[in-house]
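The file upload.cif contains mmCIF, N, CA and C atoms:
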data_model
loop_
_atom_site.label_atom_id
_atom_site.label_comp_id
_atom_site.auth_asym_id
_atom_site.auth_seq_id
_atom_site.Cartn_x
_atom_site.Cartn_y
_atom_site.Cartn_z
N MET A 255 20.31 -14.50 -12.23
CA MET A 255 19.69 -14.09 -10.99
C MET A 255 19.15 -12.66 -11.07
N SER A 256 19.88 -11.79 -11.78
CA SER A 256 19.44 -10.41 -11.87
C SER A 256 18.17 -10.30 -12.72
N LYS A 257 18.01 -11.17 -13.72
CA LYS A 257 16.78 -11.17 -14.53
C LYS A 257 15.59 -11.54 -13.66
N LEU A 258 15.78 -12.52 -12.79
CA LEU A 258 14.71 -12.94 -11.90
C LEU A 258 14.30 -11.81 -10.97
N LEU A 259 15.27 -11.10 -10.41
CA LEU A 259 14.96 -9.97 -9.54
C LEU A 259 14.26 -8.85 -10.30
N GLU A 260 14.65 -8.67 -11.56
CA GLU A 260 13.99 -7.64 -12.36
C GLU A 260 12.54 -8.00 -12.62
N TYR A 261 12.27 -9.27 -12.94
CA TYR A 261 10.90 -9.70 -13.16
C TYR A 261 10.08 -9.65 -11.87
N LEU A 262 10.71 -9.96 -10.74
CA LEU A 262 10.02 -9.87 -9.46
C LEU A 262 9.66 -8.42 -9.14
N LYS A 263 10.50 -7.49 -9.56
CA LYS A 263 10.20 -6.06 -9.36
C LYS A 263 8.94 -5.68 -10.11
N TYR A 264 8.80 -6.17 -11.33
CA TYR A 264 7.61 -5.84 -12.11
C TYR A 264 6.38 -6.58 -11.62
N ILE A 265 6.56 -7.76 -11.09
CA ILE A 265 5.42 -8.46 -10.48
C ILE A 265 4.97 -7.73 -9.23
N GLY A 266 5.91 -7.19 -8.45
CA GLY A 266 5.55 -6.37 -7.30
C GLY A 266 4.80 -5.12 -7.71
N LEU A 267 5.22 -4.51 -8.81
CA LEU A 267 4.50 -3.36 -9.34
C LEU A 267 3.10 -3.76 -9.78
N PHE A 268 2.98 -4.94 -10.36
CA PHE A 268 1.68 -5.46 -10.76
C PHE A 268 0.77 -5.65 -9.55
N ILE A 269 1.32 -6.17 -8.46
CA ILE A 269 0.53 -6.36 -7.24
C ILE A 269 0.03 -5.02 -6.71
N ILE A 270 0.87 -4.00 -6.77
CA ILE A 270 0.45 -2.66 -6.34
C ILE A 270 -0.69 -2.16 -7.23
N PHE A 271 -0.56 -2.36 -8.54
CA PHE A 271 -1.62 -1.96 -9.46
C PHE A 271 -2.93 -2.68 -9.14
N ILE A 272 -2.86 -3.97 -8.86
CA ILE A 272 -4.06 -4.75 -8.56
C ILE A 272 -4.72 -4.25 -7.28
N ILE A 273 -3.94 -3.91 -6.28
CA ILE A 273 -4.50 -3.39 -5.04
C ILE A 273 -5.18 -2.05 -5.29
N VAL A 274 -4.54 -1.18 -6.07
CA VAL A 274 -5.14 0.12 -6.39
C VAL A 274 -6.43 -0.07 -7.19
N ILE A 275 -6.43 -0.99 -8.15
CA ILE A 275 -7.63 -1.26 -8.93
C ILE A 275 -8.75 -1.78 -8.05
N ALA A 276 -8.41 -2.64 -7.10
CA ALA A 276 -9.43 -3.17 -6.18
C ALA A 276 -10.02 -2.05 -5.32
N ILE A 277 -9.18 -1.14 -4.87
CA ILE A 277 -9.68 -0.02 -4.06
C ILE A 277 -10.58 0.89 -4.91
N ILE A 278 -10.14 1.19 -6.12
CA ILE A 278 -10.94 2.06 -7.00
C ILE A 278 -12.29 1.44 -7.31
N THR A 279 -12.30 0.16 -7.68
CA THR A 279 -13.58 -0.48 -8.01
C THR A 279 -14.47 -0.63 -6.78
N SER A 280 -13.87 -0.81 -5.62
CA SER A 280 -14.68 -0.89 -4.39
C SER A 280 -15.33 0.45 -4.07
N LEU A 281 -14.58 1.52 -4.26
CA LEU A 281 -15.14 2.85 -4.01
C LEU A 281 -16.23 3.19 -5.03
N ILE A 282 -16.02 2.81 -6.27
CA ILE A 282 -17.05 3.05 -7.29
C ILE A 282 -18.28 2.20 -7.01
N ASN A 283 -18.08 1.00 -6.48
CA ASN A 283 -19.20 0.12 -6.15
C ASN A 283 -20.07 0.73 -5.06
N LEU A 284 -19.49 1.53 -4.17
CA LEU A 284 -20.26 2.17 -3.11
C LEU A 284 -21.19 3.25 -3.64
N THR A 285 -20.91 3.74 -4.84
CA THR A 285 -21.76 4.78 -5.41
C THR A 285 -23.08 4.22 -5.94
N GLY A 286 -23.17 2.93 -6.07
CA GLY A 286 -24.41 2.32 -6.53
C GLY A 286 -24.50 2.14 -8.02
N LEU A 287 -23.38 2.23 -8.72
CA LEU A 287 -23.39 2.01 -10.15
C LEU A 287 -23.64 0.53 -10.46
N ASN A 288 -23.99 0.28 -11.69
CA ASN A 288 -24.27 -1.07 -12.15
C ASN A 288 -23.02 -1.95 -11.98
N SER A 289 -23.19 -3.14 -11.44
CA SER A 289 -22.05 -4.03 -11.21
C SER A 289 -21.46 -4.52 -12.52
N ASN A 290 -22.23 -4.55 -13.58
CA ASN A 290 -21.72 -4.94 -14.89
C ASN A 290 -20.71 -3.91 -15.37
N PHE A 291 -20.99 -2.63 -15.15
CA PHE A 291 -20.06 -1.56 -15.51
C PHE A 291 -18.77 -1.66 -14.71
N ILE A 292 -18.89 -1.94 -13.44
CA ILE A 292 -17.72 -2.04 -12.56
C ILE A 292 -16.84 -3.22 -12.97
N SER A 293 -17.47 -4.32 -13.36
CA SER A 293 -16.72 -5.49 -13.81
C SER A 293 -15.93 -5.18 -15.07
N LYS A 294 -16.57 -4.49 -16.01
CA LYS A 294 -15.88 -4.13 -17.25
C LYS A 294 -14.78 -3.11 -16.97
N LEU A 295 -15.01 -2.20 -16.05
CA LEU A 295 -14.00 -1.22 -15.68
C LEU A 295 -12.77 -1.89 -15.08
N SER A 296 -12.97 -2.89 -14.24
CA SER A 296 -11.82 -3.58 -13.64
C SER A 296 -11.03 -4.35 -14.70
N ILE A 297 -11.71 -4.90 -15.69
CA ILE A 297 -11.01 -5.59 -16.78
C ILE A 297 -10.16 -4.59 -17.56
N ILE A 298 -10.73 -3.44 -17.87
CA ILE A 298 -10.01 -2.42 -18.63
C ILE A 298 -8.81 -1.90 -17.84
N LEU A 299 -9.01 -1.64 -16.54
CA LEU A 299 -7.90 -1.14 -15.71
C LEU A 299 -6.80 -2.18 -15.56
N THR A 300 -7.16 -3.44 -15.46
CA THR A 300 -6.15 -4.49 -15.36
C THR A 300 -5.37 -4.61 -16.67
N ALA A 301 -6.05 -4.52 -17.80
CA ALA A 301 -5.36 -4.56 -19.09
C ALA A 301 -4.42 -3.37 -19.24
N ILE A 302 -4.85 -2.21 -18.77
CA ILE A 302 -3.98 -1.02 -18.82
C ILE A 302 -2.76 -1.22 -17.93
N SER A 303 -2.94 -1.85 -16.77
CA SER A 303 -1.79 -2.09 -15.89
C SER A 303 -0.81 -3.07 -16.54
N PHE A 304 -1.30 -4.10 -17.24
CA PHE A 304 -0.41 -5.00 -17.97
C PHE A 304 0.36 -4.22 -19.03
N PHE A 305 -0.33 -3.33 -19.74
CA PHE A 305 0.30 -2.53 -20.78
C PHE A 305 1.41 -1.66 -20.19
N ILE A 306 1.13 -0.99 -19.09
CA ILE A 306 2.10 -0.08 -18.46
C ILE A 306 3.32 -0.84 -17.95
N ILE A 307 3.08 -1.96 -17.30
CA ILE A 307 4.19 -2.75 -16.74
C ILE A 307 5.09 -3.27 -17.86
N SER A 308 4.50 -3.76 -18.93
CA SER A 308 5.31 -4.26 -20.04
C SER A 308 6.05 -3.14 -20.75
N THR A 309 5.43 -1.97 -20.83
CA THR A 309 6.09 -0.82 -21.44
C THR A 309 7.32 -0.44 -20.63
N LEU A 310 7.17 -0.37 -19.32
CA LEU A 310 8.30 -0.02 -18.46
C LEU A 310 9.41 -1.07 -18.53
N ALA A 311 9.01 -2.33 -18.55
CA ALA A 311 10.01 -3.40 -18.57
C ALA A 311 10.78 -3.43 -19.89
N SER A 312 10.11 -3.16 -20.99
CA SER A 312 10.79 -3.25 -22.28
C SER A 312 11.71 -2.06 -22.52
N GLN A 313 11.46 -0.94 -21.87
CA GLN A 313 12.33 0.21 -22.04
C GLN A 313 13.69 -0.01 -21.38
N ASN A 314 13.73 -0.85 -20.37
CA ASN A 314 14.96 -1.05 -19.63
C ASN A 314 15.64 -2.38 -19.97
N ASN A 315 15.33 -2.94 -21.13
CA ASN A 315 15.83 -4.27 -21.47
C ASN A 315 16.33 -4.27 -22.90
N ASN A 316 17.21 -5.23 -23.21
CA ASN A 316 17.76 -5.33 -24.55
C ASN A 316 17.06 -6.36 -25.41
N GLU A 317 16.15 -7.12 -24.83
CA GLU A 317 15.41 -8.13 -25.60
C GLU A 317 14.35 -7.47 -26.46
N LYS A 318 13.74 -8.28 -27.31
CA LYS A 318 12.64 -7.77 -28.14
C LYS A 318 11.45 -7.46 -27.24
N GLY A 319 10.70 -6.42 -27.61
CA GLY A 319 9.61 -5.94 -26.77
C GLY A 319 8.49 -6.94 -26.59
N TYR A 320 8.11 -7.62 -27.67
CA TYR A 320 7.00 -8.56 -27.54
C TYR A 320 7.37 -9.78 -26.73
N ILE A 321 8.66 -10.16 -26.73
CA ILE A 321 9.10 -11.29 -25.90
C ILE A 321 9.02 -10.91 -24.42
N ILE A 322 9.45 -9.71 -24.10
CA ILE A 322 9.37 -9.22 -22.71
C ILE A 322 7.92 -9.14 -22.27
N GLY A 323 7.07 -8.60 -23.15
CA GLY A 323 5.64 -8.50 -22.83
C GLY A 323 5.02 -9.87 -22.63
N LEU A 324 5.40 -10.83 -23.46
CA LEU A 324 4.86 -12.19 -23.32
C LEU A 324 5.32 -12.83 -22.02
N LYS A 325 6.60 -12.67 -21.69
CA LYS A 325 7.12 -13.24 -20.44
C LYS A 325 6.42 -12.64 -19.22
N LEU A 326 6.35 -11.32 -19.19
CA LEU A 326 5.70 -10.66 -18.04
C LEU A 326 4.20 -10.98 -17.99
N GLY A 327 3.57 -11.02 -19.15
CA GLY A 327 2.15 -11.36 -19.19
C GLY A 327 1.88 -12.75 -18.63
N ILE A 328 2.69 -13.71 -19.05
CA ILE A 328 2.50 -15.08 -18.57
C ILE A 328 2.80 -15.18 -17.08
N LEU A 329 3.85 -14.50 -16.61
CA LEU A 329 4.16 -14.52 -15.18
C LEU A 329 3.02 -13.92 -14.35
N CYS A 330 2.48 -12.81 -14.80
CA CYS A 330 1.39 -12.19 -14.06
C CYS A 330 0.11 -13.02 -14.14
N ILE A 331 -0.13 -13.67 -15.28
CA ILE A 331 -1.28 -14.55 -15.41
C ILE A 331 -1.15 -15.74 -14.45
N ILE A 332 0.04 -16.30 -14.37
CA ILE A 332 0.26 -17.40 -13.42
C ILE A 332 -0.03 -16.93 -12.00
N PHE A 333 0.41 -15.72 -11.68
CA PHE A 333 0.14 -15.16 -10.36
C PHE A 333 -1.36 -15.01 -10.13
N LEU A 334 -2.08 -14.48 -11.13
CA LEU A 334 -3.54 -14.33 -11.00
C LEU A 334 -4.25 -15.67 -10.87
N VAL A 335 -3.81 -16.66 -11.63
CA VAL A 335 -4.43 -17.99 -11.56
C VAL A 335 -4.22 -18.60 -10.19
N LEU A 336 -3.01 -18.47 -9.65
CA LEU A 336 -2.74 -19.01 -8.31
C LEU A 336 -3.61 -18.33 -7.26
N ILE A 337 -3.75 -17.01 -7.36
CA ILE A 337 -4.60 -16.29 -6.39
C ILE A 337 -6.05 -16.76 -6.51
N ASN A 338 -6.53 -16.91 -7.76
CA ASN A 338 -7.91 -17.36 -7.95
C ASN A 338 -8.13 -18.77 -7.43
N LEU A 339 -7.16 -19.63 -7.63
CA LEU A 339 -7.32 -21.01 -7.17
C LEU A 339 -7.21 -21.12 -5.66
N ILE A 340 -6.31 -20.37 -5.06
CA ILE A 340 -6.09 -20.49 -3.62
C ILE A 340 -7.15 -19.72 -2.82
N MET A 341 -7.35 -18.46 -3.17
CA MET A 341 -8.23 -17.63 -2.34
C MET A 341 -9.70 -17.78 -2.69
N PHE A 342 -10.00 -17.80 -3.97
CA PHE A 342 -11.40 -17.78 -4.36
C PHE A 342 -11.93 -19.14 -4.81
N LYS A 343 -11.01 -20.10 -4.98
CA LYS A 343 -11.37 -21.46 -5.39
C LYS A 343 -12.25 -21.46 -6.64
N SER A 344 -11.94 -20.56 -7.56
CA SER A 344 -12.71 -20.50 -8.80
C SER A 344 -11.97 -21.26 -9.89
N GLY A 345 -12.70 -22.00 -10.65
CA GLY A 345 -12.11 -22.79 -11.72
C GLY A 345 -12.00 -22.01 -13.01
N PHE A 346 -11.70 -22.74 -14.07
CA PHE A 346 -11.57 -22.12 -15.38
C PHE A 346 -12.89 -22.24 -16.13
N ASN A 347 -13.22 -21.19 -16.82
CA ASN A 347 -14.33 -21.20 -17.76
C ASN A 347 -13.92 -20.38 -18.97
N ILE A 348 -14.74 -20.35 -19.98
CA ILE A 348 -14.37 -19.67 -21.22
C ILE A 348 -14.19 -18.17 -21.02
N ASP A 349 -14.98 -17.57 -20.14
CA ASP A 349 -14.84 -16.14 -19.86
C ASP A 349 -13.48 -15.82 -19.25
N ARG A 350 -13.04 -16.65 -18.32
CA ARG A 350 -11.76 -16.46 -17.65
C ARG A 350 -10.61 -16.63 -18.64
N ILE A 351 -10.71 -17.60 -19.53
CA ILE A 351 -9.66 -17.83 -20.52
C ILE A 351 -9.57 -16.64 -21.49
N ILE A 352 -10.71 -16.13 -21.93
CA ILE A 352 -10.72 -14.96 -22.81
C ILE A 352 -10.11 -13.75 -22.09
N TYR A 353 -10.42 -13.60 -20.81
CA TYR A 353 -9.85 -12.52 -19.99
C TYR A 353 -8.33 -12.62 -19.95
N TYR A 354 -7.81 -13.82 -19.75
CA TYR A 354 -6.36 -14.00 -19.70
C TYR A 354 -5.72 -13.75 -21.06
N ILE A 355 -6.39 -14.12 -22.12
CA ILE A 355 -5.86 -13.85 -23.46
C ILE A 355 -5.81 -12.35 -23.73
N ILE A 356 -6.84 -11.62 -23.30
CA ILE A 356 -6.85 -10.17 -23.45
C ILE A 356 -5.68 -9.55 -22.68
N LEU A 357 -5.44 -10.04 -21.47
CA LEU A 357 -4.34 -9.49 -20.67
C LEU A 357 -2.98 -9.79 -21.29
N ILE A 358 -2.80 -10.98 -21.84
CA ILE A 358 -1.53 -11.30 -22.49
C ILE A 358 -1.33 -10.45 -23.73
N CYS A 359 -2.38 -10.25 -24.52
CA CYS A 359 -2.29 -9.38 -25.71
C CYS A 359 -1.95 -7.95 -25.31
N SER A 360 -2.54 -7.47 -24.23
CA SER A 360 -2.23 -6.13 -23.74
C SER A 360 -0.77 -6.03 -23.31
N SER A 361 -0.28 -7.07 -22.69
CA SER A 361 1.11 -7.09 -22.26
C SER A 361 2.06 -7.12 -23.45
N ILE A 362 1.73 -7.90 -24.47
CA ILE A 362 2.57 -7.95 -25.68
C ILE A 362 2.58 -6.59 -26.37
N LEU A 363 1.42 -5.95 -26.48
CA LEU A 363 1.36 -4.63 -27.08
C LEU A 363 2.16 -3.60 -26.29
N GLY A 364 2.08 -3.69 -24.98
CA GLY A 364 2.85 -2.78 -24.13
C GLY A 364 4.34 -2.97 -24.29
N GLY A 365 4.78 -4.23 -24.40
CA GLY A 365 6.19 -4.50 -24.61
C GLY A 365 6.68 -3.94 -25.93
N SER A 366 5.89 -4.12 -26.98
CA SER A 366 6.26 -3.59 -28.30
C SER A 366 6.24 -2.06 -28.29
N PHE A 367 5.25 -1.49 -27.66
CA PHE A 367 5.15 -0.03 -27.57
C PHE A 367 6.34 0.55 -26.82
N GLY A 368 6.69 -0.05 -25.70
CA GLY A 368 7.80 0.46 -24.89
C GLY A 368 9.13 0.35 -25.59
N LYS A 369 9.31 -0.68 -26.39
CA LYS A 369 10.56 -0.85 -27.11
C LYS A 369 10.69 0.15 -28.25
N ASN A 370 9.59 0.45 -28.90
CA ASN A 370 9.64 1.34 -30.06
C ASN A 370 9.59 2.81 -29.70
N PHE A 371 8.96 3.15 -28.59
CA PHE A 371 8.82 4.54 -28.18
C PHE A 371 9.46 4.75 -26.82
N LYS A 372 10.77 4.84 -26.82
CA LYS A 372 11.47 5.05 -25.56
C LYS A 372 11.31 6.49 -25.12
N ILE A 373 11.09 6.66 -23.81
CA ILE A 373 10.96 8.01 -23.26
C ILE A 373 12.36 8.60 -23.13
N LYS A 374 12.53 9.75 -23.73
CA LYS A 374 13.82 10.42 -23.69
C LYS A 374 13.95 11.16 -22.37
N LYS A 375 15.04 10.88 -21.68
CA LYS A 375 15.29 11.56 -20.41
C LYS A 375 15.91 12.92 -20.68
N LEU A 376 15.50 13.87 -19.87
CA LEU A 376 16.03 15.22 -20.02
C LEU A 376 17.48 15.28 -19.58
N ALA A 377 18.30 15.87 -20.42
CA ALA A 377 19.71 16.04 -20.07
C ALA A 377 19.87 17.26 -19.18
N ARG A 378 20.62 17.11 -18.15
CA ARG A 378 20.80 18.23 -17.20
C ARG A 378 22.22 18.72 -17.26
#

Encoded form using structure tokens:
Amino acid sequence: MSKLLEYLKYIGLFIIFIIVIAIITSLINLTGLNSNFISKLSIILTAISFFIISTLASQNNNEKGYIIGLKLGILCIIFLVLINLIMFKSGFNIDRIIYYIILICSSILGGSFGKNFKIKKLAR
């Protein structure tokens, strides 16, 4: 049960990241920049959020980093797929599948990075 709550904590953090990314891209969209640039920016920011979340999760866990990254990546992808199917009624295409693969790879890299490079806390 505690593992489930821990994963839900990181999914909640992911939701916060997605909301912040949506706000940032909406504000940039108001500036009149090319929508192609904004689309690529949102992909990059989402991949960075997957990396950060997996890094944080792997630092606080005893499992292997890439396994944690894979688990969190798949959970967040399932969340994104459900949102796309329910709210936007968008189906699957090759671009969407490549996007999800990029996000899972980013999550796996973040898990491995977080496991190998733990942040040392300052002793007081």

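Of the residues under consideration (A:Ile307, A:Leu262, A:Leu267, A:Met341), A:Ile307 shows the shortest atom-to-atom contact distance to Gly319 (chain A) when counting only C-alpha atoms.
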
message = Starting from the PyMOL selection byres ((chain A and resi 308) around 6), expand the selection into actual residues of this file and give them as a ChimeraX atom specification.
response = /A:303-307,309-313,322-323,361,364-365,368

inquiry  = One decimal, in Å: what's the spacing between atom C of Ile332 (chain A) and atom N of Ile282 (chain A)?
reply    =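 So the two atoms, atom C of Ile332 (chain A) and atom N of Ile282 (chain A), lie 26.0 Å apart.
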
Name the residues in contact with Ile351 (chain A) at a cut-off of 12 Å, using only C-alpha atoms, excluding same-chain residues fewer than 6 positions from it; report them as an mmCIF file with N, CA and C atoms, keeping the file's coordinate frame.
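File out.cif, as written:
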data_model
loop_
_atom_site.group_PDB
_atom_site.id
_atom_site.type_symbol
_atom_site.label_atom_id
_atom_site.label_comp_id
_atom_site.auth_asym_id
_atom_site.auth_seq_id
_atom_site.Cartn_x
_atom_site.Cartn_y
_atom_site.Cartn_z
ATOM 1 N N ILE A 331 -0.130 -13.670 -15.280
ATOM 2 C CA ILE A 331 -1.280 -14.550 -15.410
ATOM 3 C C ILE A 331 -1.150 -15.740 -14.450
ATOM 4 N N LEU A 334 -2.080 -14.480 -11.130
ATOM 5 C CA LEU A 334 -3.540 -14.330 -11.000
ATOM 6 C C LEU A 334 -4.250 -15.670 -10.870
ATOM 7 N N VAL A 335 -3.810 -16.660 -11.630
ATOM 8 C CA VAL A 335 -4.430 -17.990 -11.560
ATOM 9 C C VAL A 335 -4.220 -18.600 -10.190
ATOM 10 N N GLY A 345 -12.700 -22.000 -10.650
ATOM 11 C CA GLY A 345 -12.110 -22.790 -11.720
ATOM 12 C C GLY A 345 -12.000 -22.010 -13.010
ATOM 13 N N LEU A 357 -5.440 -10.040 -21.470
ATOM 14 C CA LEU A 357 -4.340 -9.490 -20.670
ATOM 15 C C LEU A 357 -2.980 -9.790 -21.290
ATOM 16 N N ILE A 358 -2.800 -10.980 -21.840
ATOM 17 C CA ILE A 358 -1.530 -11.300 -22.490
ATOM 18 C C ILE A 358 -1.330 -10.450 -23.730
#

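Here the PyMOL selection byres (((chain A and resi 257 and name CA) around 12) and name CA) catches exactly these residues: Met255, Ser256, Leu258, Leu259, Glu260, Tyr261, Leu262, Lys263, Tyr264, Ala311, Asn314, Asn315, Asn316, Glu317, Ile322, Lys325 and Leu326 of chain A.
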
remark   = Taken to one decimal, the CA of Lys318 (chain A)-CA of Ile272 (chain A) distance is 25.9 Å

request  = Please measure the separation of CA of Tyr320 (chain A) and CA of Ile298 (chain A), giving the value in Å to one decimal.
outcome  =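 These two atoms are separated by 20.2 Å.
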
query = So, counting only N, CA and C atoms, which residue among A:Gly286, A:Ile265, A:Cys359, A:Phe346 is closest to Ala301 (chain A)?
reply = A:Cys359

Six-sided padding of 4 Å per side, axis-aligned box over region 278-288 of chain A, centre and edges in Å, one decimal, as JSON:
{"center_x": -17.3, "center_y": 1.4, "center_z": -7.6, "size_x": 22.4, "size_y": 14.7, "size_z": 17.0}

Residues near Thr279 (chain A), cut-off 8 Å, only N, CA and C atoms, skip fewer than 6 positions along chain, as a list of chain:residue names =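 Selected residues are A:Ile273, A:Ile292, A:Ser293, A:Leu295, A:Ser296.
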